[in-house]
$ cat query.txt   # compact mmCIF, C-alpha atoms
# COMPACT_ATOMS: atom_id res chain seq x y z
CA PHE A 207 29.52 -51.98 37.39
CA THR A 208 33.07 -52.47 38.63
CA ILE A 209 33.90 -53.82 42.06
CA LEU A 210 36.76 -51.81 43.55
CA ASP A 211 39.43 -53.20 45.83
CA ASN A 212 38.51 -53.47 49.50
CA VAL A 213 39.95 -50.67 51.63
CA VAL A 214 39.94 -49.86 55.33
CA VAL A 215 37.85 -46.71 55.78
CA ASN A 216 38.56 -45.83 59.43
CA GLU A 217 41.91 -44.25 60.28
CA ASN A 218 41.31 -44.74 64.00
CA THR A 219 41.85 -48.48 64.45
CA THR A 220 41.49 -48.58 68.23
CA GLY A 221 38.45 -50.45 69.49
CA PHE A 222 35.23 -51.31 67.71
CA GLN A 223 34.43 -49.58 64.41
CA GLY A 224 31.18 -50.52 62.70
CA HIS A 225 27.49 -49.83 61.99
CA SER A 226 28.38 -47.97 58.79
CA SER A 227 26.13 -46.09 56.37
CA VAL A 228 26.97 -44.81 52.86
CA ALA A 229 25.40 -42.30 50.46
CA SER A 230 26.35 -40.84 47.06
CA ASP A 231 25.52 -37.69 45.08
CA SER A 232 24.78 -36.98 41.41
CA ALA A 233 28.53 -37.09 40.60
CA SER A 234 28.78 -40.54 42.24
CA ASP A 235 31.13 -39.21 44.93
CA PHE A 236 30.22 -40.83 48.22
CA VAL A 237 30.49 -40.49 51.96
CA ILE A 238 30.75 -43.24 54.57
CA VAL A 239 29.88 -42.72 58.24
CA TRP A 240 30.23 -45.16 61.09
CA GLN A 241 30.19 -45.64 64.85
CA GLY A 242 33.53 -46.05 66.58
CA GLU A 243 35.17 -46.18 69.96
CA ASN A 244 37.47 -43.40 71.16
CA ILE A 245 36.39 -40.81 68.61
CA SER A 246 37.16 -37.34 70.04
CA GLY A 247 36.85 -38.55 73.61
CA ASP A 248 33.51 -40.31 73.18
CA THR A 249 32.75 -43.71 74.61
CA TYR A 250 31.27 -44.14 71.15
CA GLY A 251 31.26 -41.42 68.50
CA VAL A 252 30.36 -41.01 64.85
CA ALA A 253 33.00 -40.45 62.18
CA GLY A 254 32.91 -39.97 58.43
CA ARG A 255 35.11 -39.94 55.34
CA LEU A 256 34.67 -38.68 51.77
CA TYR A 257 35.50 -40.57 48.57
CA GLU A 258 35.51 -39.94 44.85
CA ASP A 259 33.53 -42.24 42.58
CA ASP A 260 36.62 -44.37 41.89
CA GLY A 261 37.27 -44.97 45.60
CA THR A 262 39.99 -42.33 45.97
CA THR A 263 39.85 -40.68 49.37
CA ILE A 264 38.90 -36.99 49.38
CA SER A 265 39.19 -36.40 53.11
CA SER A 266 40.71 -37.77 56.25
CA GLU A 267 38.43 -39.21 58.91
CA PHE A 268 36.32 -36.46 60.50
CA THR A 269 34.15 -36.38 63.61
CA VAL A 270 30.42 -35.97 62.94
CA ASN A 271 28.96 -35.30 66.40
CA PRO A 272 29.89 -31.86 67.82
CA THR A 273 29.01 -32.96 71.36
CA THR A 274 31.80 -35.35 72.25
CA SER A 275 30.74 -36.70 75.63
CA ASP A 276 28.81 -39.90 76.32
CA VAL A 277 27.54 -42.21 73.56
CA HIS A 278 26.82 -41.34 69.92
CA ARG A 279 25.98 -44.35 67.76
CA SER A 280 24.01 -45.97 64.92
CA PRO A 281 24.44 -43.26 62.23
CA SER A 282 22.60 -42.86 58.95
CA VAL A 283 23.81 -40.59 56.14
CA ALA A 284 22.25 -38.99 53.07
CA LYS A 285 23.65 -36.84 50.26
CA SER A 286 21.80 -34.26 48.19
CA PRO A 287 22.43 -33.97 44.43
CA ASP A 288 24.71 -30.95 45.05
CA GLY A 289 26.86 -33.01 47.41
CA SER A 290 25.78 -31.57 50.77
CA ILE A 291 25.55 -34.17 53.52
CA SER A 292 23.11 -34.90 56.32
CA VAL A 293 23.97 -37.30 59.13
CA ALA A 294 21.60 -38.52 61.84
CA TRP A 295 22.50 -40.62 64.84
CA VAL A 296 21.37 -41.80 68.27
CA GLY A 297 22.86 -39.82 71.14
CA TYR A 298 22.65 -40.02 74.93
CA ASN A 299 20.99 -36.97 76.53
CA GLY A 300 21.94 -37.70 80.14
CA THR A 301 18.91 -39.85 80.95
CA ASP A 302 17.92 -41.54 77.68
CA PHE A 303 18.57 -41.43 73.92
CA ASP A 304 17.49 -38.79 71.38
CA ILE A 305 17.91 -38.52 67.60
CA TYR A 306 20.48 -35.90 66.59
CA ALA A 307 21.37 -34.53 63.16
CA GLN A 308 24.05 -32.36 61.59
CA ARG A 309 24.44 -30.97 58.08
CA PHE A 310 27.76 -30.68 56.26
CA THR A 311 28.92 -29.09 53.03
CA ALA A 312 30.20 -31.29 50.22
CA ALA A 313 33.67 -30.77 51.69
CA ALA A 314 32.55 -32.15 55.08
CA VAL A 315 32.55 -28.73 56.79
CA ALA A 316 29.81 -28.50 59.43
CA SER A 317 26.92 -26.29 58.32
CA GLY A 318 25.09 -24.84 61.30
CA SER A 319 24.72 -26.65 64.61
CA GLU A 320 23.55 -30.12 65.52
CA PHE A 321 19.88 -30.33 66.49
CA VAL A 322 17.51 -32.76 68.14
CA VAL A 323 15.15 -34.30 65.59
CA ASN A 324 12.51 -35.82 67.87
CA SER A 325 9.87 -33.49 69.36
CA THR A 326 9.05 -35.91 72.16
CA THR A 327 12.14 -36.26 74.31
CA SER A 328 10.81 -38.83 76.77
CA GLY A 329 11.52 -42.47 76.07
CA HIS A 330 14.23 -44.24 74.13
CA GLN A 331 14.67 -43.14 70.49
CA ASP A 332 16.58 -45.53 68.20
CA ASN A 333 17.31 -46.84 64.69
CA VAL A 334 17.12 -43.58 62.73
CA GLN A 335 17.22 -43.33 58.94
CA VAL A 336 17.66 -40.08 56.97
CA GLU A 337 17.08 -39.21 53.30
CA ILE A 338 17.32 -35.88 51.43
CA SER A 339 14.88 -34.98 48.65
CA SER A 340 15.94 -33.31 45.39
CA GLU A 341 14.60 -30.06 46.88
CA GLY A 342 16.84 -30.40 49.94
CA THR A 343 14.21 -31.48 52.46
CA GLU A 344 15.47 -33.98 55.00
CA ALA A 345 13.24 -36.79 56.22
CA PHE A 346 14.00 -38.71 59.40
CA VAL A 347 12.25 -41.89 60.52
CA TRP A 348 13.06 -43.74 63.74
CA ASP A 349 11.52 -46.00 66.35
CA ARG A 350 10.72 -45.17 69.96
CA TYR A 351 9.94 -47.36 72.93
CA THR A 352 6.64 -46.69 74.65
CA SER A 353 6.68 -45.68 78.32
CA ASP A 354 6.15 -49.28 79.44
CA ALA A 355 8.98 -50.43 77.12
CA LEU A 356 6.76 -53.27 75.86
CA ARG A 357 6.60 -52.09 72.26
CA THR A 358 7.97 -49.55 69.78
CA ASP A 359 6.31 -47.16 67.34
CA LEU A 360 7.75 -45.39 64.29
CA TYR A 361 7.90 -41.62 63.92
CA ALA A 362 8.82 -39.26 61.08
CA GLN A 363 10.08 -35.68 61.10
CA LEU A 364 10.99 -33.29 58.29
CA SER A 365 13.76 -30.70 58.37
CA SER A 366 14.89 -27.86 56.15
CA SER A 367 18.41 -26.94 55.13
CA ASN A 368 18.76 -24.46 58.02
CA ASN A 369 19.32 -27.30 60.49
CA SER A 370 15.99 -27.17 62.25
CA ALA A 371 13.03 -29.49 62.27
CA PHE A 372 9.73 -28.07 61.01
CA GLY A 373 6.22 -29.21 61.73
CA THR A 374 5.66 -31.88 64.32
CA GLU A 375 6.77 -35.49 64.39
CA THR A 376 4.22 -37.89 62.93
CA GLN A 377 3.56 -41.48 63.89
CA VAL A 378 4.10 -43.70 60.84
CA ASN A 379 2.61 -47.06 61.83
CA ASN A 380 -1.14 -47.74 62.09
CA THR A 381 -0.61 -51.05 63.85
CA THR A 382 0.21 -50.08 67.42
CA SER A 383 0.83 -53.39 69.14
CA LEU A 384 4.22 -54.91 69.84
CA TYR A 385 7.38 -53.92 67.95
CA GLN A 386 7.31 -51.60 64.93
CA GLN A 387 10.99 -50.97 64.28
CA LEU A 388 14.06 -50.85 62.01
CA PRO A 389 12.72 -48.50 59.29
CA ALA A 390 13.99 -47.90 55.77
CA ILE A 391 12.88 -44.81 53.83
CA ALA A 392 13.06 -43.23 50.37
CA TRP A 393 11.73 -40.17 48.54
CA VAL A 394 9.74 -41.39 45.51
CA GLY A 395 8.02 -39.84 42.51
CA THR A 396 7.99 -36.34 41.07
CA ASP A 397 5.79 -35.15 43.95
CA GLU A 398 8.49 -36.30 46.38
CA ASP A 399 6.31 -38.56 48.45
CA LEU A 400 8.05 -40.31 51.31
CA SER A 401 7.89 -44.10 51.45
CA ALA A 402 8.75 -46.10 54.58
CA ALA A 403 9.11 -49.82 55.28
CA TRP A 404 9.80 -51.50 58.61
CA GLN A 405 9.80 -54.69 60.63
CA SER A 406 6.72 -55.55 62.66
CA GLY A 407 6.35 -58.20 65.36
CA ASP A 408 2.57 -57.93 65.27
CA ARG A 409 1.21 -60.68 63.07
CA ASN A 410 2.94 -63.82 64.29
CA THR A 411 3.93 -63.80 67.94
CA THR A 412 4.65 -61.45 70.81
CA SER A 413 8.32 -61.35 69.86
CA SER A 414 10.07 -59.14 67.33
CA GLU A 415 12.21 -62.20 66.57
CA ASP A 416 9.24 -63.57 64.60
CA SER A 417 8.14 -60.71 62.43
CA ASP A 418 6.76 -59.41 59.15
CA ASP A 419 7.68 -56.43 56.97
CA TYR A 420 5.28 -53.52 56.61
CA ALA A 421 5.15 -50.45 54.39

$ encode --input "query.txt" --output "structure tokens"
Amino acid sequence: FTILDNVVVNENTTGFQGHSSVASDSASDFVIVWQGENISGDTYGVAGRLYEDDGTTISSEFTVNPTTSDVHRSPSVAKSPDGSISVAWVGYNGTDFDIYAQRFTAAAVASGSEFVVNSTTSGHQDNVQVEISSEGTEAFVWDRYTSDALRTDLYAQLSSSNNSAFGTETQVNNTTSLYQQLPAIAWVGTDEDLSAAWQSGDRNTTSSEDSDDYA
């Protein structure tokens, strides 16, 4: 492979810009999303930009989150083989944080409306990851603090291309003590099974600072 020259992705250079995520399609065109200050009036918002496989920009910076008040952060992005895009992020709901998602066409035009991924809206939702299967099914996995805020569990939710979650969210981890967090996911195999891995603070100490990886 060839390493391209480094480029600055964000056009808005005011304040913090970071926590990026990148995904590519079957043509090797790619999209980068990130969290930034002062995006469309947000304290923090989510922005994106499209690129060709050689690093040539296809689009200017665009705003991902339609709701532009409060905090929108920690995005994850996925691309389907046909180039359509799915972005998930953590957004403030007025009292706590939910997981939000929005689909886009390959040209970064919003497709449908944003929607809340998590069925349970109590508690703090965080650290979402999204992947799209070859059939267009979106999978979201994230962690959520328990009501006593002493530990986190992992949850998964599927969504179709019409921008709505289907079925109910499912708890991923069997070990339910301490911190189960920071997931990574992938669709695998011809049957499109979903595989998840995450960090667990269960085996060693009572701190997530001393942890093991689970799958």

$ atom_distance --input "query.txt" --atom1 "CA of Phe310 in chain A" --atom2 "CA of Pro389 in chain A"
23.5 Å

$ closest_residue --input "query.txt" --among "A:Gly395, A:Gly373, A:Gly329, A:Gly242" --to "Ser353 in chain A" --atoms "all atoms listed in the file"
A:Gly329

$ atom_distance --input "query.txt" --atom1 "CA of Thr327 in chain A" --atom2 "CA of Ile291 in chain A"
24.8 Å

$ residues_around --input "query.txt" --residues "range 397-404 of chain A" --least-positions-apart "3" --cutoff "10 Å" --atoms "all atoms listed in the file" --output "NGL selection string"
:A and (335 or 337 or 339-341 or 343 or 345 or 347-349 or 360 or 362 or 378-379 or 385-394 or 418-421)

$ residues_near_point --input "query.txt" --point "(34.8, -37.1, 52.2)" --cutoff "9 Å" --atoms "all atoms listed in the file" --output "list in words"
Asp235, Phe236, Val237, Ile238, Gly254, Arg255, Leu256, Tyr257, Glu258, Thr263, Ile264, Ser265, Ser266, Glu267, Phe268, Ala312, Ala313 and Ala314 of chain A

$ atom_distance --input "query.txt" --atom1 "CA of Thr396 in chain A" --atom2 "CA of Thr374 in chain A"
23.8 Å

$ closest_residue --input "query.txt" --among "A:Gly342, A:Pro272, A:Gly289, A:Gly247" --to "Gln308 in chain A" --atoms "all atoms listed in the file"
A:Pro272

$ residues_around --input "query.txt" --residues "Thr311 in chain A" --least-positions-apart "6" --cutoff "12 Å" --atoms "only C-alpha atoms" --output "compact mmCIF listing (two decimals) with C-alpha atoms, in the frame of the given file"
# COMPACT_ATOMS: atom_id res chain seq x y z
CA VAL A 237 30.49 -40.49 51.96
CA LEU A 256 34.67 -38.68 51.77
CA ALA A 284 22.25 -38.99 53.07
CA LYS A 285 23.65 -36.84 50.26
CA SER A 286 21.80 -34.26 48.19
CA PRO A 287 22.43 -33.97 44.43
CA ASP A 288 24.71 -30.95 45.05
CA GLY A 289 26.86 -33.01 47.41
CA SER A 290 25.78 -31.57 50.77
CA ILE A 291 25.55 -34.17 53.52
CA SER A 292 23.11 -34.90 56.32
CA VAL A 293 23.97 -37.30 59.13
CA SER A 317 26.92 -26.29 58.32
CA GLY A 318 25.09 -24.84 61.30
CA SER A 367 18.41 -26.94 55.13

$ closest_residue --input "query.txt" --among "A:Asp332, A:Asp260, A:Asp248, A:Asp354" --to "Trp295 in chain A" --atoms "only C-alpha atoms"
A:Asp332

$ axis_aligned_box --input "query.txt" --around "range 283-291 of chain A" --padding-each-side "5 Å" --output "JSON"
{"center_x": 24.3, "center_y": -35.8, "center_z": 50.3, "size_x": 15.1, "size_y": 19.6, "size_z": 21.7}

$ residues_around --input "query.txt" --residues "Ser365 in chain A" --least-positions-apart "4" --cutoff "6 Å" --atoms "all atoms listed in the file" --output "ChimeraX atom specification"
/A:343-344,370-372

$ decode --input "query.txt" --residues "range 359-388 of chain A" --atoms "N, CA, C and O atoms" --output "tab-separated table (two decimals), in the first residue's frame"
chain	number	residue	atom	x	y	z
A	359	ASP	N	-22.47	-2.02	31.29
A	359	ASP	CA	-22.77	-3.19	30.49
A	359	ASP	C	-22.79	-2.79	29.01
A	359	ASP	O	-22.91	-1.61	28.67
A	360	LEU	N	-22.67	-3.79	28.14
A	360	LEU	CA	-22.69	-3.56	26.70
A	360	LEU	C	-24.04	-3.97	26.12
A	360	LEU	O	-24.60	-5.01	26.50
A	361	TYR	N	-24.52	-3.19	25.16
A	361	TYR	CA	-25.80	-3.48	24.51
A	361	TYR	C	-25.64	-3.38	23.01
A	361	TYR	O	-24.82	-2.62	22.50
A	362	ALA	N	-26.46	-4.16	22.29
A	362	ALA	CA	-26.46	-4.15	20.83
A	362	ALA	C	-27.87	-3.90	20.32
A	362	ALA	O	-28.86	-4.30	20.93
A	363	GLN	N	-27.95	-3.23	19.17
A	363	GLN	CA	-29.22	-2.94	18.51
A	363	GLN	C	-29.02	-2.98	17.01
A	363	GLN	O	-28.01	-2.48	16.50
A	364	LEU	N	-29.97	-3.57	16.29
A	364	LEU	CA	-29.93	-3.60	14.84
A	364	LEU	C	-30.88	-2.55	14.27
A	364	LEU	O	-31.86	-2.17	14.91
A	365	SER	N	-30.58	-2.12	13.05
A	365	SER	CA	-31.41	-1.12	12.38
A	365	SER	C	-31.43	-1.42	10.89
A	365	SER	O	-30.46	-1.92	10.33
A	366	SER	N	-32.55	-1.09	10.26
A	366	SER	CA	-32.68	-1.26	8.82
A	366	SER	C	-32.37	0.05	8.12
A	366	SER	O	-32.12	1.08	8.74
A	367	SER	N	-32.42	0.02	6.80
A	367	SER	CA	-32.05	1.19	6.01
A	367	SER	C	-33.08	2.32	6.06
A	367	SER	O	-32.84	3.39	5.52
A	368	ASN	N	-34.23	2.08	6.72
A	368	ASN	CA	-35.25	3.14	6.79
A	368	ASN	C	-35.09	4.01	8.03
A	368	ASN	O	-36.02	4.70	8.44
A	369	ASN	N	-33.90	3.97	8.62
A	369	ASN	CA	-33.58	4.83	9.76
A	369	ASN	C	-34.45	4.57	10.99
A	369	ASN	O	-34.91	5.49	11.65
A	370	SER	N	-34.65	3.32	11.30
A	370	SER	CA	-35.36	2.98	12.52
A	370	SER	C	-34.82	1.67	13.07
A	370	SER	O	-34.50	0.75	12.31
A	371	ALA	N	-34.68	1.63	14.38
A	371	ALA	CA	-34.21	0.41	15.02
A	371	ALA	C	-35.31	-0.65	14.95
A	371	ALA	O	-36.50	-0.35	14.99
A	372	PHE	N	-34.92	-1.93	14.83
A	372	PHE	CA	-35.92	-2.99	14.88
A	372	PHE	C	-35.50	-4.02	15.92
A	372	PHE	O	-34.33	-4.18	16.23
A	373	GLY	N	-36.51	-4.71	16.46
A	373	GLY	CA	-36.24	-5.60	17.57
A	373	GLY	C	-35.96	-4.79	18.82
A	373	GLY	O	-36.25	-3.59	18.90
A	374	THR	N	-35.43	-5.44	19.82
A	374	THR	CA	-35.09	-4.78	21.07
A	374	THR	C	-33.60	-4.85	21.30
A	374	THR	O	-32.91	-5.74	20.78
A	375	GLU	N	-33.08	-3.91	22.06
A	375	GLU	CA	-31.65	-3.94	22.37
A	375	GLU	C	-31.33	-5.19	23.19
A	375	GLU	O	-32.16	-5.67	23.98
A	376	THR	N	-30.14	-5.72	22.99
A	376	THR	CA	-29.73	-6.97	23.62
A	376	THR	C	-28.45	-6.75	24.40
A	376	THR	O	-27.51	-6.13	23.89
A	377	GLN	N	-28.40	-7.25	25.62
A	377	GLN	CA	-27.17	-7.14	26.39
A	377	GLN	C	-26.14	-8.11	25.82
A	377	GLN	O	-26.42	-9.28	25.57
A	378	VAL	N	-24.93	-7.64	25.61
A	378	VAL	CA	-23.88	-8.42	24.96
A	378	VAL	C	-23.08	-9.23	25.97
A	378	VAL	O	-22.77	-10.41	25.74
A	379	ASN	N	-22.69	-8.63	27.07
A	379	ASN	CA	-21.78	-9.27	28.02
A	379	ASN	C	-22.51	-10.22	28.97
A	379	ASN	O	-23.60	-9.94	29.45
A	380	ASN	N	-21.87	-11.38	29.24
A	380	ASN	CA	-22.38	-12.31	30.25
A	380	ASN	C	-21.84	-11.97	31.63
A	380	ASN	O	-22.51	-12.19	32.64
A	381	THR	N	-20.61	-11.49	31.68
A	381	THR	CA	-20.03	-11.05	32.94
A	381	THR	C	-20.63	-9.70	33.28
A	381	THR	O	-20.53	-8.75	32.51
A	382	THR	N	-21.28	-9.60	34.44
A	382	THR	CA	-22.05	-8.39	34.75
A	382	THR	C	-21.52	-7.66	35.98
A	382	THR	O	-22.26	-6.95	36.64
A	383	SER	N	-20.26	-7.83	36.28
A	383	SER	CA	-19.66	-7.08	37.37
A	383	SER	C	-18.67	-6.07	36.79
A	383	SER	O	-18.04	-6.30	35.75
A	384	LEU	N	-18.57	-4.94	37.43
A	384	LEU	CA	-17.62	-3.91	37.09
A	384	LEU	C	-17.80	-3.38	35.67
A	384	LEU	O	-18.91	-3.33	35.16
A	385	TYR	N	-16.71	-2.99	35.00
A	385	TYR	CA	-16.82	-2.22	33.76
A	385	TYR	C	-16.65	-3.10	32.52
A	385	TYR	O	-15.58	-3.66	32.30
A	386	GLN	N	-17.70	-3.20	31.74
A	386	GLN	CA	-17.66	-3.82	30.42
A	386	GLN	C	-17.86	-2.67	29.43
A	386	GLN	O	-18.95	-2.09	29.36
A	387	GLN	N	-16.83	-2.32	28.66
A	387	GLN	CA	-16.88	-1.05	27.95
A	387	GLN	C	-15.97	-1.05	26.72
A	387	GLN	O	-15.26	-2.01	26.46
A	388	LEU	N	-16.05	0.04	25.96
A	388	LEU	CA	-15.19	0.31	24.80
A	388	LEU	C	-15.25	-0.82	23.77
A	388	LEU	O	-14.24	-1.47	23.46
